[in-house]
>>> print(open('protein_1.cif').read())   # mmCIF, C-alpha atoms
data_run
#
loop_
_atom_site.label_atom_id
_atom_site.label_comp_id
_atom_site.auth_asym_id
_atom_site.auth_seq_id
_atom_site.Cartn_x
_atom_site.Cartn_y
_atom_site.Cartn_z
CA MET A 1 176.94 -88.87 269.23
CA ASN A 2 176.81 -86.24 271.98
CA VAL A 3 180.53 -86.79 272.80
CA GLN A 4 181.43 -86.37 269.10
CA LEU A 5 179.46 -83.10 268.91
CA THR A 6 181.21 -81.79 272.05
CA ARG A 7 184.65 -82.72 270.66
CA THR A 8 183.85 -80.95 267.39
CA ARG A 9 182.74 -77.82 269.25
CA VAL A 10 185.89 -77.85 271.40
CA ALA A 11 188.11 -78.30 268.33
CA LEU A 12 186.39 -75.42 266.52
CA SER A 13 186.64 -73.20 269.60
CA VAL A 14 190.37 -73.91 269.99
CA ALA A 15 190.96 -73.23 266.27
CA GLY A 16 189.04 -69.96 266.51
CA LEU A 17 190.98 -68.93 269.59
CA LEU A 18 194.32 -69.70 267.91
CA LEU A 19 193.31 -67.67 264.86
CA ALA A 20 192.19 -64.75 267.01
CA VAL A 21 195.46 -64.76 268.97
CA GLY A 22 197.64 -65.19 265.86
CA ALA A 23 195.91 -62.65 263.62
CA PRO A 24 197.25 -59.50 265.32
CA THR A 25 200.78 -60.87 264.98
CA ALA A 26 200.28 -61.50 261.26
CA TYR A 27 198.85 -58.02 260.68
CA ALA A 28 201.61 -56.41 262.74
CA THR A 29 204.18 -58.16 260.55
CA LEU A 30 202.52 -56.85 257.39
CA GLU A 31 202.26 -53.31 258.74
CA ALA A 32 205.90 -53.25 259.82
CA GLY A 33 206.92 -53.15 256.17
CA PRO A 34 209.84 -54.75 254.42
CA GLY A 35 213.04 -55.53 256.28
CA PRO A 36 216.32 -53.59 256.25
CA ALA A 37 217.34 -54.83 252.77
CA SER A 38 214.54 -52.72 251.24
CA ALA A 39 216.14 -49.51 252.54
CA ARG A 40 218.50 -49.68 249.55
CA GLY A 41 217.91 -47.26 246.71
CA GLU A 42 216.25 -43.90 246.34
CA PRO A 43 212.56 -43.01 246.64
CA TYR A 44 210.77 -43.11 243.29
CA VAL A 45 207.21 -43.08 242.04
CA GLU A 46 206.13 -46.16 240.10
CA THR A 47 203.28 -45.73 237.63
CA ARG A 48 201.79 -48.69 235.82
CA LEU A 49 199.50 -48.11 232.87
CA LEU A 50 197.21 -50.90 231.69
CA PHE A 51 196.36 -50.87 227.99
CA GLY A 52 193.69 -53.10 226.49
CA THR A 53 193.83 -54.10 222.83
CA ALA A 54 190.21 -55.01 222.00
CA ARG A 55 188.26 -52.21 220.38
CA PRO A 56 184.82 -51.48 221.80
CA ASP A 57 183.45 -50.89 218.29
CA GLY A 58 184.40 -54.43 217.27
CA GLY A 59 187.25 -53.33 215.02
CA PRO A 60 190.52 -55.25 214.81
CA ALA A 61 192.53 -55.50 218.01
CA VAL A 62 195.59 -53.30 218.49
CA THR A 63 198.61 -55.22 217.15
CA ASP A 64 202.05 -55.47 218.74
CA GLU A 65 203.42 -53.27 215.95
CA GLN A 66 200.77 -50.60 216.54
CA PHE A 67 201.36 -50.63 220.28
CA MET A 68 205.14 -50.37 219.94
CA ALA A 69 204.76 -47.52 217.42
CA PHE A 70 202.51 -45.77 219.96
CA VAL A 71 205.16 -46.22 222.68
CA ASP A 72 207.88 -44.88 220.36
CA GLU A 73 205.83 -41.81 219.41
CA GLU A 74 203.89 -40.99 222.58
CA VAL A 75 205.79 -42.44 225.56
CA THR A 76 209.51 -42.53 224.84
CA PRO A 77 209.82 -38.77 224.13
CA ASP A 78 208.38 -38.02 227.60
CA PHE A 79 210.21 -40.83 229.43
CA PRO A 80 213.53 -41.28 227.62
CA ASP A 81 215.34 -42.57 230.74
CA GLY A 82 213.63 -45.94 230.42
CA LEU A 83 210.45 -47.94 230.78
CA THR A 84 209.27 -51.53 230.89
CA ILE A 85 206.53 -53.16 228.85
CA GLN A 86 204.94 -56.46 229.73
CA ALA A 87 202.44 -58.30 227.54
CA GLY A 88 199.58 -60.05 229.26
CA ARG A 89 195.96 -61.08 229.28
CA GLY A 90 193.39 -59.04 231.11
CA GLN A 91 189.71 -58.49 231.61
CA TRP A 92 187.45 -55.72 232.77
CA ARG A 93 183.79 -54.73 232.78
CA ASP A 94 183.08 -52.25 229.98
CA ALA A 95 180.56 -49.39 230.01
CA SER A 96 177.78 -51.70 228.81
CA GLY A 97 178.43 -54.14 231.67
CA ALA A 98 180.01 -56.87 229.55
CA ILE A 99 183.17 -58.62 230.74
CA GLU A 100 185.84 -58.08 228.09
CA LYS A 101 188.78 -60.50 227.96
CA GLU A 102 191.68 -59.33 225.85
CA ARG A 103 195.39 -59.15 225.21
CA SER A 104 196.86 -56.27 227.15
CA TYR A 105 200.05 -54.41 227.92
CA GLU A 106 201.42 -53.11 231.19
CA LEU A 107 203.72 -50.11 230.88
CA ILE A 108 205.88 -49.42 233.95
CA LEU A 109 207.41 -46.00 234.50
CA LEU A 110 209.72 -44.97 237.35
CA TYR A 111 210.54 -41.35 238.15
CA PRO A 112 211.75 -39.29 241.13
CA PRO A 113 209.08 -37.68 243.32
CA ALA A 114 210.45 -34.23 242.39
CA ARG A 115 209.26 -34.89 238.81
CA ALA A 116 205.83 -36.22 239.83
CA GLY A 117 203.89 -33.11 238.78
CA ALA A 118 205.37 -32.94 235.29
CA SER A 119 205.20 -36.73 234.92
CA ASP A 120 201.52 -36.74 235.92
CA ARG A 121 200.64 -34.34 233.09
CA ARG A 122 202.61 -36.41 230.59
CA ILE A 123 201.06 -39.67 231.78
CA GLU A 124 197.55 -38.27 231.50
CA GLY A 125 198.42 -37.15 227.96
CA ILE A 126 199.56 -40.69 227.12
CA ARG A 127 196.31 -42.15 228.45
CA ARG A 128 194.17 -39.73 226.43
CA ALA A 129 196.25 -40.30 223.29
CA TYR A 130 195.82 -44.09 223.50
CA GLU A 131 192.09 -43.83 224.15
CA LYS A 132 191.70 -41.57 221.14
CA ALA A 133 194.03 -43.45 218.78
CA PHE A 134 192.52 -46.87 219.45
CA GLY A 135 188.95 -46.05 220.48
CA GLN A 136 189.40 -47.25 224.07
CA GLU A 137 187.04 -46.49 226.94
CA ALA A 138 189.91 -46.21 229.42
CA VAL A 139 193.56 -46.85 230.20
CA GLY A 140 194.09 -48.09 233.76
CA ARG A 141 196.59 -46.33 235.99
CA VAL A 142 198.22 -47.49 239.23
CA ASP A 143 200.63 -45.26 241.19
CA ASP A 144 202.77 -46.41 244.08
CA GLY A 145 205.91 -45.46 245.97
CA ALA A 146 209.05 -47.50 245.43
CA ARG A 147 212.71 -47.60 246.36
CA VAL A 148 214.89 -47.91 243.28
CA ASP A 149 218.55 -48.71 242.83
CA PHE A 150 220.10 -48.81 239.36
#
>>> encode(input="protein_1.cif", output="structure tokens")
Amino acid sequence: MNVQLTRTRVALSVAGLLLAVGAPTAYATLEAGPGPASARGEPYVETRLLFGTARPDGGPAVTDEQFMAFVDEEVTPDFPDGLTIQAGRGQWRDASGAIEKERSYELILLYPPARAGASDRRIEGIRRAYEKAFGQEAVGRVDDGARVDF
């Protein structure tokens, strides 16, 4: 029994030592960034907007037709060069603390950094318009840098 306990301790110590030695290498690889192939393209800003479809007041969920009409009226005029829409399922904790699970949409916009200021104002207008039109508590926003090649 004592020999088994010692072997277990040695095995755990060796595993811990290997993890400790290997971890800096793994983190260094992540921090180094993507390889040379990612240098292709031009710098762009990528903004993703996350739209829920359930209405907090219990009304009918936003339909595909309503969402696409919203995109045509509120998004396309400000971003005529292109956009991507993905349908999905999402969840979030609402203001009352309840977990809401719902159909959702992800809208992806790409634009040059030189247009970031003007794009920011337009994007914030889109978020407010959706919240107002469909009684939403929020529209999620994620901004990130990207390299883009068309």
>>> residues_around(input="protein_1.cif", residues="Phe79 of chain A", least_positions_apart="5", cutoff="12 Å", atoms="only C-alpha atoms", output="count of residues only")
19
>>> resolve_selection(input="protein_1.cif", expression="the PyMOL selection byres ((chain A and resi 130) around 10)", output="PyMOL selection string")
chain A and resi 51-52+67+70-71+74+125-129+131-139
>>> closest_residue(input="protein_1.cif", among="A:Thr53, A:Ala114, A:Pro60, A:Arg48", to="Leu83 of chain A", atoms="all atoms listed in the file")
A:Arg48
>>> resolve_selection(input="protein_1.cif", expression="the PyMOL selection byres ((chain A and resi 148) around 6)", output="PyMOL selection string")
chain A and resi 41-42+147+149
>>> axis_aligned_box(input="protein_1.cif", around="segment 137-146 of chain A", padding_each_side="5 Å", output="JSON")
{"center_x": 198.0, "center_y": -46.7, "center_z": 236.5, "size_x": 32.0, "size_y": 12.8, "size_z": 29.0}
>>> residues_around(input="protein_1.cif", residues="Glu102 of chain A", least_positions_apart="3", cutoff="9 Å", atoms="only C-alpha atoms", output="ChimeraX atom specification")
/A:52-54,61,88-92
>>> closest_residue(input="protein_1.cif", among="A:Asp94, A:Asp64, A:Asp57, A:Asp144", to="Pro113 of chain A", atoms="all atoms listed in the file")
A:Asp144
>>> closest_residue(input="protein_1.cif", among="A:Ala98, A:Arg93, A:Phe150, A:Val75", to="Leu49 of chain A", atoms="only C-alpha atoms")
A:Val75
>>> atom_distance(input="protein_1.cif", atom1="atom CA of Gly82 of chain A", atom2="atom CA of Leu50 of chain A")
17.2 Å
>>> atom_distance(input="protein_1.cif", atom1="atom CA of Glu124 of chain A", atom2="atom CA of Ala87 of chain A")
21.0 Å
>>> closest_residue(input="protein_1.cif", among="A:Val45, A:Arg121, A:Pro56, A:Val62", to="Ile99 of chain A", atoms="all atoms listed in the file")
A:Pro56
>>> atom_distance(input="protein_1.cif", atom1="atom CA of Pro80 of chain A", atom2="atom CA of Asp143 of chain A")
19.1 Å
